[in-house]
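File shown here: final28.pdb, holding PDB, C-alpha atoms.
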ATOM      1  CA  MET F   1     133.733  85.526 101.191
ATOM      2  CA  SER F   2     133.815  82.140  99.428
ATOM      3  CA  LYS F   3     135.842  81.382  96.318
ATOM      4  CA  ARG F   4     132.637  81.068  94.402
ATOM      5  CA  HIS F   5     131.976  84.755  95.057
ATOM      6  CA  LYS F   6     135.303  85.634  93.467
ATOM      7  CA  ALA F   7     134.081  84.186  90.198
ATOM      8  CA  LYS F   8     131.189  86.635  90.077
ATOM      9  CA  PRO F   9     131.424  89.703  87.824
ATOM     10  CA  GLN F  10     133.212  92.447  89.692
ATOM     11  CA  PRO F  11     135.071  95.609  88.692
ATOM     12  CA  THR F  12     138.823  95.023  88.694
ATOM     13  CA  GLN F  13     139.901  98.416  87.380
ATOM     14  CA  LYS F  14     140.719 101.229  89.769
ATOM     15  CA  GLN F  15     138.036 103.778  90.565
ATOM     16  CA  GLU F  16     138.441 107.147  88.872
ATOM     17  CA  MET F  17     139.681 109.889  91.193
ATOM     18  CA  PHE F  18     137.420 112.683  89.950
ATOM     19  CA  PRO F  19     133.754 112.970  88.970
ATOM     20  CA  SER F  20     132.831 113.034  85.305
ATOM     21  CA  ALA F  21     131.869 116.219  83.479
ATOM     22  CA  GLN F  22     128.268 115.016  83.555
ATOM     23  CA  THR F  23     128.285 114.805  87.355
ATOM     24  CA  VAL F  24     129.825 118.256  87.685
ATOM     25  CA  PHE F  25     127.209 119.592  85.239
ATOM     26  CA  ARG F  26     124.371 118.026  87.251
ATOM     27  CA  PHE F  27     125.633 119.502  90.499
ATOM     28  CA  ALA F  28     125.855 122.946  88.894
ATOM     29  CA  HIS F  29     122.248 122.702  87.683
ATOM     30  CA  LEU F  30     120.721 120.595  90.443
ATOM     31  CA  ASP F  31     118.593 123.405  91.863
ATOM     32  CA  LEU F  32     118.761 127.134  92.435
ATOM     33  CA  GLU F  33     120.369 126.709  95.842
ATOM     34  CA  SER F  34     123.239 124.714  94.354
ATOM     35  CA  ARG F  35     123.571 127.216  91.520
ATOM     36  CA  ASN F  36     123.689 130.118  93.985
ATOM     37  CA  ASN F  37     126.311 128.338  96.106
ATOM     38  CA  ILE F  38     128.506 127.883  93.058
ATOM     39  CA  ASP F  39     128.032 131.512  92.070
ATOM     40  CA  GLN F  40     128.992 132.690  95.547
ATOM     41  CA  SER F  41     132.119 130.529  95.500
ATOM     42  CA  MET F  42     133.143 131.927  92.138
ATOM     43  CA  GLN F  43     132.529 135.483  93.315
ATOM     44  CA  ALA F  44     135.169 134.945  95.998
ATOM     45  CA  LEU F  45     137.824 134.108  93.412
ATOM     46  CA  ASP F  46     140.982 136.078  92.810
ATOM     47  CA  PRO F  47     140.264 139.664  91.593
ATOM     48  CA  GLU F  48     142.533 138.953  88.631
ATOM     49  CA  LEU F  49     139.953 136.505  87.317
ATOM     50  CA  TRP F  50     137.280 139.161  87.562
ATOM     51  CA  ALA F  51     139.551 141.536  85.662
ATOM     52  CA  ARG F  52     140.097 138.904  82.986
ATOM     53  CA  ASP F  53     136.348 138.390  82.435
ATOM     54  CA  ARG F  54     135.251 142.016  82.993
ATOM     55  CA  ASP F  55     134.534 142.777  79.332
ATOM     56  CA  ALA F  56     132.463 139.648  78.821
ATOM     57  CA  ILE F  57     130.484 140.335  82.006
ATOM     58  CA  ARG F  58     129.796 143.903  80.903
ATOM     59  CA  GLN F  59     128.567 142.766  77.475
ATOM     60  CA  ILE F  60     126.296 140.118  78.995
ATOM     61  CA  GLU F  61     124.846 142.496  81.582
ATOM     62  CA  GLN F  62     124.218 145.234  78.999
ATOM     63  CA  ALA F  63     122.573 142.951  76.436
ATOM     64  CA  LYS F  64     119.048 144.232  75.792
ATOM     65  CA  THR F  65     117.331 141.182  74.296
ATOM     66  CA  ALA F  66     117.235 137.464  74.977
ATOM     67  CA  ASP F  67     118.790 136.834  71.576
ATOM     68  CA  GLU F  68     121.732 139.083  72.454
ATOM     69  CA  VAL F  69     122.274 137.278  75.767
ATOM     70  CA  LEU F  70     122.233 133.887  74.030
ATOM     71  CA  GLU F  71     124.763 135.206  71.521
ATOM     72  CA  PHE F  72     127.236 135.676  74.380
ATOM     73  CA  ALA F  73     127.090 132.020  75.492
ATOM     74  CA  VAL F  74     130.466 131.461  73.855
ATOM     75  CA  LYS F  75     131.952 134.167  76.107
ATOM     76  CA  ALA F  76     130.336 132.867  79.302
ATOM     77  CA  THR F  77     133.439 131.254  80.777
ATOM     78  CA  GLY F  78     134.936 131.683  84.213
ATOM     79  CA  VAL F  79     133.182 134.361  86.248
ATOM     80  CA  ALA F  80     131.191 135.479  83.193
ATOM     81  CA  ASP F  81     129.281 132.207  83.465
ATOM     82  CA  ILE F  82     127.523 133.627  86.553
ATOM     83  CA  ALA F  83     126.319 136.705  84.700
ATOM     84  CA  TRP F  84     125.116 134.691  81.696
ATOM     85  CA  PHE F  85     122.934 132.235  83.612
ATOM     86  CA  LYS F  86     121.546 135.048  85.748
ATOM     87  CA  ARG F  87     120.485 136.979  82.658
ATOM     88  CA  VAL F  88     119.015 133.913  80.937
ATOM     89  CA  ARG F  89     116.784 133.215  83.938
ATOM     90  CA  GLN F  90     115.446 136.781  83.834
ATOM     91  CA  PHE F  91     113.584 136.148  80.577
ATOM     92  CA  GLY F  92     110.178 134.516  80.342
ATOM     93  CA  PRO F  93     109.103 131.532  78.215
ATOM     94  CA  ASP F  94     109.647 133.532  75.010
ATOM     95  CA  ILE F  95     113.342 132.667  75.292
ATOM     96  CA  ILE F  96     112.672 128.937  74.869
ATOM     97  CA  PRO F  97     112.143 128.948  71.056
ATOM     98  CA  LEU F  98     115.325 131.012  70.723
ATOM     99  CA  VAL F  99     117.286 128.457  72.739
ATOM    100  CA  ALA F 100     115.789 125.660  70.631
ATOM    101  CA  GLN F 101     116.754 127.385  67.400
ATOM    102  CA  ARG F 102     120.346 127.914  68.553
ATOM    103  CA  LEU F 103     120.646 124.361  69.863
ATOM    104  CA  LYS F 104     119.498 122.943  66.533
ATOM    105  CA  SER F 105     121.839 125.171  64.539
ATOM    106  CA  SER F 106     124.799 124.419  66.831
ATOM    107  CA  ARG F 107     125.706 121.493  64.573
ATOM    108  CA  GLU F 108     126.907 124.074  62.053
ATOM    109  CA  ILE F 109     129.532 125.548  64.427
ATOM    110  CA  ALA F 110     132.917 124.649  62.963
ATOM    111  CA  ASP F 111     135.008 125.204  66.093
ATOM    112  CA  SER F 112     134.437 122.077  68.209
ATOM    113  CA  ASP F 113     135.385 123.810  71.483
ATOM    114  CA  HIS F 114     132.948 126.649  70.817
ATOM    115  CA  GLN F 115     130.272 124.162  69.830
ATOM    116  CA  THR F 116     130.696 122.233  73.091
ATOM    117  CA  LEU F 117     130.692 125.392  75.208
ATOM    118  CA  ILE F 118     127.576 126.774  73.555
ATOM    119  CA  ARG F 119     125.726 123.472  73.836
ATOM    120  CA  GLU F 120     126.630 123.159  77.519
ATOM    121  CA  HIS F 121     125.148 126.575  78.190
ATOM    122  CA  LEU F 122     122.019 126.128  76.087
ATOM    123  CA  ILE F 123     121.247 122.742  77.643
ATOM    124  CA  GLY F 124     121.909 124.190  81.089
ATOM    125  CA  ALA F 125     119.524 127.065  80.326
ATOM    126  CA  LEU F 126     116.754 124.593  79.457
ATOM    127  CA  ARG F 127     117.109 122.922  82.855
ATOM    128  CA  TRP F 128     115.173 125.837  84.411
ATOM    129  CA  ARG F 129     112.298 125.608  81.924
ATOM    130  CA  GLY F 130     110.556 122.451  83.159
ATOM    131  CA  THR F 131     108.399 120.539  80.691
ATOM    132  CA  LEU F 132     108.872 123.103  77.928
ATOM    133  CA  GLY F 133     112.649 122.791  78.254
ATOM    134  CA  ALA F 134     112.394 119.003  78.258
ATOM    135  CA  ASN F 135     110.356 119.082  75.045
ATOM    136  CA  VAL F 136     113.092 121.095  73.339
ATOM    137  CA  LEU F 137     115.785 118.657  74.471
ATOM    138  CA  VAL F 138     113.834 115.671  73.165
ATOM    139  CA  GLU F 139     113.185 117.483  69.880
ATOM    140  CA  CYS F 140     116.878 118.357  69.435
ATOM    141  CA  PHE F 141     118.312 115.140  70.878
ATOM    142  CA  ALA F 142     119.138 113.379  67.608
ATOM    143  CA  SER F 143     121.039 116.397  66.287
ATOM    144  CA  LEU F 144     123.467 116.439  69.243
ATOM    145  CA  ASP F 145     126.703 114.497  69.701
ATOM    146  CA  ASP F 146     127.121 111.906  72.457
ATOM    147  CA  TYR F 147     128.513 114.388  74.978
ATOM    148  CA  ALA F 148     125.717 116.909  74.486
ATOM    149  CA  GLN F 149     123.162 114.101  74.606
ATOM    150  CA  SER F 150     124.637 112.979  77.923
ATOM    151  CA  LEU F 151     124.100 116.485  79.355
ATOM    152  CA  ALA F 152     120.585 116.528  77.928
ATOM    153  CA  ALA F 153     119.941 113.197  79.679
ATOM    154  CA  VAL F 154     121.021 114.751  82.975
ATOM    155  CA  VAL F 155     118.562 117.623  82.525
ATOM    156  CA  LEU F 156     115.738 115.302  81.451
ATOM    157  CA  GLY F 157     116.262 113.410  84.682
ATOM    158  CA  LEU F 158     116.293 116.568  86.794
ATOM    159  CA  VAL F 159     113.017 117.814  85.310
ATOM    160  CA  HIS F 160     111.449 114.328  85.687
ATOM    161  CA  ALA F 161     110.667 113.915  81.989
ATOM    162  CA  ARG F 162     109.634 110.278  82.393
ATOM    163  CA  ALA F 163     108.597 109.856  78.773
ATOM    164  CA  SER F 164     112.255 110.312  77.787
ATOM    165  CA  GLY F 165     113.351 107.109  79.554
ATOM    166  CA  GLY F 166     113.598 105.134  76.317
ATOM    167  CA  LEU F 167     115.678 107.841  74.679
ATOM    168  CA  ILE F 168     118.090 107.872  77.626
ATOM    169  CA  TRP F 169     118.279 104.072  77.740
ATOM    170  CA  ASP F 170     119.240 104.000  74.060
ATOM    171  CA  LEU F 171     121.979 106.555  74.804
ATOM    172  CA  PHE F 172     123.344 104.316  77.538
ATOM    173  CA  GLN F 173     123.437 101.335  75.191
ATOM    174  CA  ARG F 174     125.319 103.365  72.569
ATOM    175  CA  THR F 175     127.892 104.754  74.999
ATOM    176  CA  LYS F 176     128.468 102.038  77.617
ATOM    177  CA  ASN F 177     131.507 100.666  75.754
ATOM    178  CA  LEU F 178     133.128 103.999  74.918
ATOM    179  CA  SER F 179     136.446 104.869  76.544
ATOM    180  CA  LYS F 180     135.032 108.186  77.749
ATOM    181  CA  HIS F 181     132.465 107.927  80.499
ATOM    182  CA  THR F 182     129.678 109.500  78.467
ATOM    183  CA  PHE F 183     127.349 106.817  79.807
ATOM    184  CA  VAL F 184     127.410 108.538  83.199
ATOM    185  CA  GLY F 185     125.002 111.195  81.898
ATOM    186  CA  ALA F 186     122.562 108.515  80.773
ATOM    187  CA  LEU F 187     122.815 106.819  84.160
ATOM    188  CA  TRP F 188     122.073 110.067  85.956
ATOM    189  CA  GLY F 189     119.015 110.503  83.775
ATOM    190  CA  LEU F 190     117.703 106.994  84.435
ATOM    191  CA  ILE F 191     118.380 107.224  88.163
ATOM    192  CA  ASP F 192     116.734 110.621  88.601
ATOM    193  CA  LEU F 193     113.744 109.348  86.621
ATOM    194  CA  GLN F 194     113.624 106.331  88.960
ATOM    195  CA  ASP F 195     113.590 104.194  85.828
ATOM    196  CA  ALA F 196     113.906 100.480  86.606
ATOM    197  CA  ARG F 197     116.413 100.124  83.767
ATOM    198  CA  ALA F 198     118.991 102.011  85.857
ATOM    199  CA  ALA F 199     119.598  98.799  87.835
ATOM    200  CA  ASP F 200     119.979  96.862  84.571
ATOM    201  CA  ALA F 201     122.522  99.414  83.357
ATOM    202  CA  LEU F 202     124.569  99.085  86.544
ATOM    203  CA  VAL F 203     124.660  95.310  86.137
ATOM    204  CA  GLU F 204     125.809  95.670  82.524
ATOM    205  CA  LEU F 205     128.667  97.904  83.659
ATOM    206  CA  PHE F 206     129.725  95.282  86.200
ATOM    207  CA  GLN F 207     129.780  92.705  83.411
ATOM    208  CA  LEU F 208     131.831  95.069  81.233
ATOM    209  CA  ASP F 209     134.269  95.619  84.112
ATOM    210  CA  ARG F 210     133.743  99.383  83.906
ATOM    211  CA  MET F 211     135.085 101.354  86.876
ATOM    212  CA  TYR F 212     134.225 105.032  87.233
ATOM    213  CA  TYR F 213     134.032 107.668  89.952
ATOM    214  CA  GLU F 214     130.260 107.418  90.393
ATOM    215  CA  ILE F 215     129.987 103.630  90.651
ATOM    216  CA  PHE F 216     129.448 103.399  94.413
ATOM    217  CA  GLY F 217     127.030 106.307  94.689
ATOM    218  CA  PHE F 218     125.032 105.024  91.726
ATOM    219  CA  VAL F 219     124.716 101.514  93.134
ATOM    220  CA  ALA F 220     123.775 102.927  96.549
ATOM    221  CA  ARG F 221     120.895 104.822  94.955
ATOM    222  CA  ALA F 222     119.723 102.468  92.235
ATOM    223  CA  GLY F 223     121.336  99.026  92.490
ATOM    224  CA  ASP F 224     119.196  95.945  93.063
ATOM    225  CA  GLU F 225     119.883  92.469  94.435
ATOM    226  CA  ARG F 226     122.192  91.694  91.497
ATOM    227  CA  ALA F 227     124.649  94.283  92.829
ATOM    228  CA  VAL F 228     125.005  92.675  96.269
ATOM    229  CA  VAL F 229     127.605  90.029  95.415
ATOM    230  CA  PRO F 230     129.799  92.286  93.218
ATOM    231  CA  MET F 231     129.823  94.943  95.956
ATOM    232  CA  ALA F 232     130.581  92.338  98.632
ATOM    233  CA  SER F 233     133.496  91.168  96.505
ATOM    234  CA  VAL F 234     134.828  94.739  96.232
ATOM    235  CA  MET F 235     134.538  95.026 100.001
ATOM    236  CA  VAL F 236     136.901  92.068 100.342
ATOM    237  CA  HIS F 237     139.289  92.599  97.431
ATOM    238  CA  GLY F 238     139.219  96.351  96.765
ATOM    239  CA  SER F 239     141.506  99.137  97.903
ATOM    240  CA  GLU F 240     141.017 100.709 101.324
ATOM    241  CA  SER F 241     138.857 103.471  99.856
ATOM    242  CA  GLU F 242     136.837 101.027  97.758
ATOM    243  CA  ARG F 243     136.234  98.770 100.748
ATOM    244  CA  GLU F 244     134.874 101.663 102.776
ATOM    245  CA  GLN F 245     132.611 102.857  99.968
ATOM    246  CA  SER F 246     131.326  99.388  99.172
ATOM    247  CA  GLY F 247     130.447  98.918 102.840
ATOM    248  CA  TYR F 248     128.176 101.944 102.706
ATOM    249  CA  VAL F 249     126.742 100.715  99.412
ATOM    250  CA  LEU F 250     125.855  97.368 100.960
ATOM    251  CA  ALA F 251     124.216  99.161 103.875
ATOM    252  CA  ALA F 252     122.170 101.220 101.416
ATOM    253  CA  LEU F 253     121.155  98.080  99.518
ATOM    254  CA  SER F 254     120.190  96.272 102.720
ATOM    255  CA  HIS F 255     117.782  99.063 103.632
ATOM    256  CA  ARG F 256     116.271  99.400 100.179
ATOM    257  CA  LEU F 257     115.943  95.685  99.430
ATOM    258  CA  GLY F 258     114.938  94.638 102.925
ATOM    259  CA  ARG F 259     116.529  91.929 105.057
ATOM    260  CA  GLU F 260     114.921  88.901 103.402
ATOM    261  CA  LYS F 261     115.780  89.858  99.836
ATOM    262  CA  PHE F 262     119.281  91.021 100.759
ATOM    263  CA  VAL F 263     120.046  87.812 102.711
ATOM    264  CA  ALA F 264     118.820  85.690  99.794
ATOM    265  CA  ALA F 265     121.211  87.523  97.461
ATOM    266  CA  ILE F 266     124.234  87.244  99.738
ATOM    267  CA  ILE F 267     123.898  83.596 100.781
ATOM    268  CA  LYS F 268     122.774  81.939  97.562
ATOM    269  CA  ASP F 269     126.294  80.763  96.656
ATOM    270  CA  LEU F 270     127.626  80.340 100.191
ATOM    271  CA  PRO F 271     128.145  76.924 101.791
ATOM    272  CA  GLU F 272     125.725  76.104 104.597
ATOM    273  CA  ASP F 273     128.265  76.682 107.376
ATOM    274  CA  ARG F 274     128.856  80.289 106.255
ATOM    275  CA  ARG F 275     125.266  81.421 106.036
ATOM    276  CA  GLU F 276     124.642  82.178 109.696
ATOM    277  CA  MET F 277     127.679  84.478 109.806
ATOM    278  CA  ALA F 278     126.522  86.170 106.620
ATOM    279  CA  GLU F 279     123.111  86.856 108.139
ATOM    280  CA  LYS F 280     124.747  88.467 111.157
ATOM    281  CA  SER F 281     126.710  90.699 108.796
ATOM    282  CA  VAL F 282     123.446  91.741 107.150
ATOM    283  CA  ASP F 283     122.049  92.743 110.531
ATOM    284  CA  GLN F 284     125.131  94.895 111.091
ATOM    285  CA  LEU F 285     124.544  96.598 107.747
ATOM    286  CA  LEU F 286     120.924  97.257 108.648
ATOM    287  CA  SER F 287     122.085  98.990 111.815
ATOM    288  CA  TYR F 288     123.574 101.819 109.699
ATOM    289  CA  PRO F 289     121.069 104.713 109.909
ATOM    290  CA  PRO F 290     119.799 105.662 106.428
ATOM    291  CA  ASP F 291     120.598 109.342 107.003
ATOM    292  CA  VAL F 292     124.249 108.449 107.700
ATOM    293  CA  ILE F 293     124.402 106.553 104.407
ATOM    294  CA  GLN F 294     122.851 109.442 102.519
ATOM    295  CA  ASP F 295     125.255 111.906 104.122
ATOM    296  CA  TYR F 296     128.156 109.720 103.015
ATOM    297  CA  PHE F 297     126.897 109.745  99.427
ATOM    298  CA  ALA F 298     125.539 113.301  99.645
ATOM    299  CA  LEU F 299     126.503 114.160  96.061
ATOM    300  CA  PHE F 300     124.268 111.339  94.822
ATOM    301  CA  TYR F 301     121.266 111.833  97.095
ATOM    302  CA  GLN F 302     120.894 115.602  96.699
ATOM    303  CA  GLY F 303     117.787 116.450  94.761
ATOM    304  CA  VAL F 304     116.067 113.121  95.431
ATOM    305  CA  VAL F 305     112.293 113.511  95.639
TER     306      VAL F 305
END
Spit out the file's structure as structure tokens when you get a sec.
Amino acid sequence: MSKRHKAKPQPTQKQEMFPSAQTVFRFAHLDLESRNNIDQSMQALDPELWARDRDAIRQIEQAKTADEVLEFAVKATGVADIAWFKRVRQFGPDIIPLVAQRLKSSREIADSDHQTLIREHLIGALRWRGTLGANVLVECFASLDDYAQSLAAVVLGLVHARASGGLIWDLFQRTKNLSKHTFVGALWGLIDLQDARAADALVELFQLDRMYYEIFGFVARAGDERAVVPMASVMVHGSESEREQSGYVLAALSHRLGREKFVAAIIKDLPEDRREMAEKSVDQLLSYPPDVIQDYFALFYQGVV
């Protein structure tokens, strides 16, 4: 890699070790199969945890109306979370206005922890309601804090609410400089919507020197030619783990962009005598089977349609 490549924008911070809350939330609500897998894992937990949550589970299971079930959202922690989401999904579309009403009024909850917990559950419940759920999230969006909006953005992406792209883009712009990685929820929304602005957002984060757990998976799925040089630089100057991940990212980009476009991006600042070697490297990247790349970044490609 030439010295001129080193001058390009590149993340210099260390990658986060764990996924953000928004990524964990998306995985939990990706589809019913993922939700069932999580439920089965939780059901295998220590019996003491079941004993701890027994009363909450009993109350949730014995609730007679949708309104009563929603009332117990604040108690749906630990194993009780399984029972709550199972009950919520048993009700028809009549539950949607009730969820909307509670989401709007959640701003009045004084206890911030309870407010966050309730909003997480209500937004998660709307994930299974398709367009009607998306309409509620858009309607309530302005009344939510940044964290809740980031979860709403995740759901809007999962239900393919394409008209919400502008709303999610504005959320990214408001949160991209915050110390917390709230912007990750907006990125998930843009990426799942296949919104072209996702690539712009990734470039902005490079320029801001933001490093976060999801950076490599996000660029693999949604980066464009502007991400090639920064990722190539990480492959040379990053840690061992970052070098490996960036290699798979470059392979993903080579397949999505195509050889000609990828070569143009990688050689534009290289001296003439380095270009032939660079092109050979591109051919090596193209030899990576796409399914191998997607398996490597499985968390980021699950649910792609």
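Neighbouring residues of range 90-99 of chain F at 9 Å or closer, counting only C-alpha atoms and skipping chain neighbours under 4 positions away, are F:Thr65, F:Ala66, F:Asp67, F:Leu70, F:Phe85, F:Lys86, F:Leu103, F:Lys104, F:Leu122, F:Ile123, F:Ala125, F:Leu126, F:Arg129, F:Leu132, F:Gly133, F:Val136.
Shortest separation to Arg102 in chain F among F:Gly157, F:Ala73, F:Ala28, F:Val282 occurs at residue F:Ala73, atoms counted being all atoms listed in the file.
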Residues selected by the PyMOL selection byres ((chain F and resi 266) around 12), written as a PDB file with C-alpha atoms, in the frame of the given file:
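New file result09.pdb:
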ATOM      1  CA  MET F   1     133.733  85.526 101.191  1.00  0.00           C
ATOM      2  CA  SER F   2     133.815  82.140  99.428  1.00  0.00           C
ATOM      3  CA  ARG F   4     132.637  81.068  94.402  1.00  0.00           C
ATOM      4  CA  HIS F   5     131.976  84.755  95.057  1.00  0.00           C
ATOM      5  CA  LYS F   8     131.189  86.635  90.077  1.00  0.00           C
ATOM      6  CA  GLU F 225     119.883  92.469  94.435  1.00  0.00           C
ATOM      7  CA  ARG F 226     122.192  91.694  91.497  1.00  0.00           C
ATOM      8  CA  ALA F 227     124.649  94.283  92.829  1.00  0.00           C
ATOM      9  CA  VAL F 228     125.005  92.675  96.269  1.00  0.00           C
ATOM     10  CA  VAL F 229     127.605  90.029  95.415  1.00  0.00           C
ATOM     11  CA  PRO F 230     129.799  92.286  93.218  1.00  0.00           C
ATOM     12  CA  MET F 231     129.823  94.943  95.956  1.00  0.00           C
ATOM     13  CA  ALA F 232     130.581  92.338  98.632  1.00  0.00           C
ATOM     14  CA  SER F 233     133.496  91.168  96.505  1.00  0.00           C
ATOM     15  CA  LEU F 250     125.855  97.368 100.960  1.00  0.00           C
ATOM     16  CA  LEU F 253     121.155  98.080  99.518  1.00  0.00           C
ATOM     17  CA  SER F 254     120.190  96.272 102.720  1.00  0.00           C
ATOM     18  CA  LEU F 257     115.943  95.685  99.430  1.00  0.00           C
ATOM     19  CA  ARG F 259     116.529  91.929 105.057  1.00  0.00           C
ATOM     20  CA  GLU F 260     114.921  88.901 103.402  1.00  0.00           C
ATOM     21  CA  LYS F 261     115.780  89.858  99.836  1.00  0.00           C
ATOM     22  CA  PHE F 262     119.281  91.021 100.759  1.00  0.00           C
ATOM     23  CA  VAL F 263     120.046  87.812 102.711  1.00  0.00           C
ATOM     24  CA  ALA F 264     118.820  85.690  99.794  1.00  0.00           C
ATOM     25  CA  ALA F 265     121.211  87.523  97.461  1.00  0.00           C
ATOM     26  CA  ILE F 267     123.898  83.596 100.781  1.00  0.00           C
ATOM     27  CA  LYS F 268     122.774  81.939  97.562  1.00  0.00           C
ATOM     28  CA  ASP F 269     126.294  80.763  96.656  1.00  0.00           C
ATOM     29  CA  LEU F 270     127.626  80.340 100.191  1.00  0.00           C
ATOM     30  CA  PRO F 271     128.145  76.924 101.791  1.00  0.00           C
ATOM     31  CA  ARG F 274     128.856  80.289 106.255  1.00  0.00           C
ATOM     32  CA  ARG F 275     125.266  81.421 106.036  1.00  0.00           C
ATOM     33  CA  GLU F 276     124.642  82.178 109.696  1.00  0.00           C
ATOM     34  CA  MET F 277     127.679  84.478 109.806  1.00  0.00           C
ATOM     35  CA  ALA F 278     126.522  86.170 106.620  1.00  0.00           C
ATOM     36  CA  GLU F 279     123.111  86.856 108.139  1.00  0.00           C
ATOM     37  CA  LYS F 280     124.747  88.467 111.157  1.00  0.00           C
ATOM     38  CA  SER F 281     126.710  90.699 108.796  1.00  0.00           C
ATOM     39  CA  VAL F 282     123.446  91.741 107.150  1.00  0.00           C
TER      40      VAL F 282
END
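Nearest residue to Val74 in chain F, choosing from F:Gln62, F:Gln207, F:Gln101, F:Ser112 and counting all atoms listed in the file: F:Ser112.
Computed from the coordinates, the CA of Tyr213 in chain F to CA of Ile168 in chain F distance equals 20.2 Å.
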### Query
Hey, which of F:Arg107, F:Arg87, F:Arg127, F:Arg58 ends up closest to His29 in chain F? Count all atoms listed in the file.
F:Arg127
### Task
Can you pull out every residue within 7 Å of range 170-182 of chain F, counting only C-alpha atoms, but drop anything in the same chain fewer than 6 positions away, and send it as a PyMOL selection string?
chain F and resi 146-147+150
Around all the atoms of range 141-151 of chain F listed in the file, with 5 Å of room on each side, what axis-aligned box do you get, giving centre and edge lengths in Å to one decimal, as AutoDock Vina command-line options?
--center_x 123.4 --center_y 114.4 --center_z 72.8 --size_x 20.2 --size_y 15.0 --size_z 23.1
## Note on the structure
As a check of understanding: the span from CA of Leu190 in chain F to CA of Asp113 in chain F is 27.6 Å
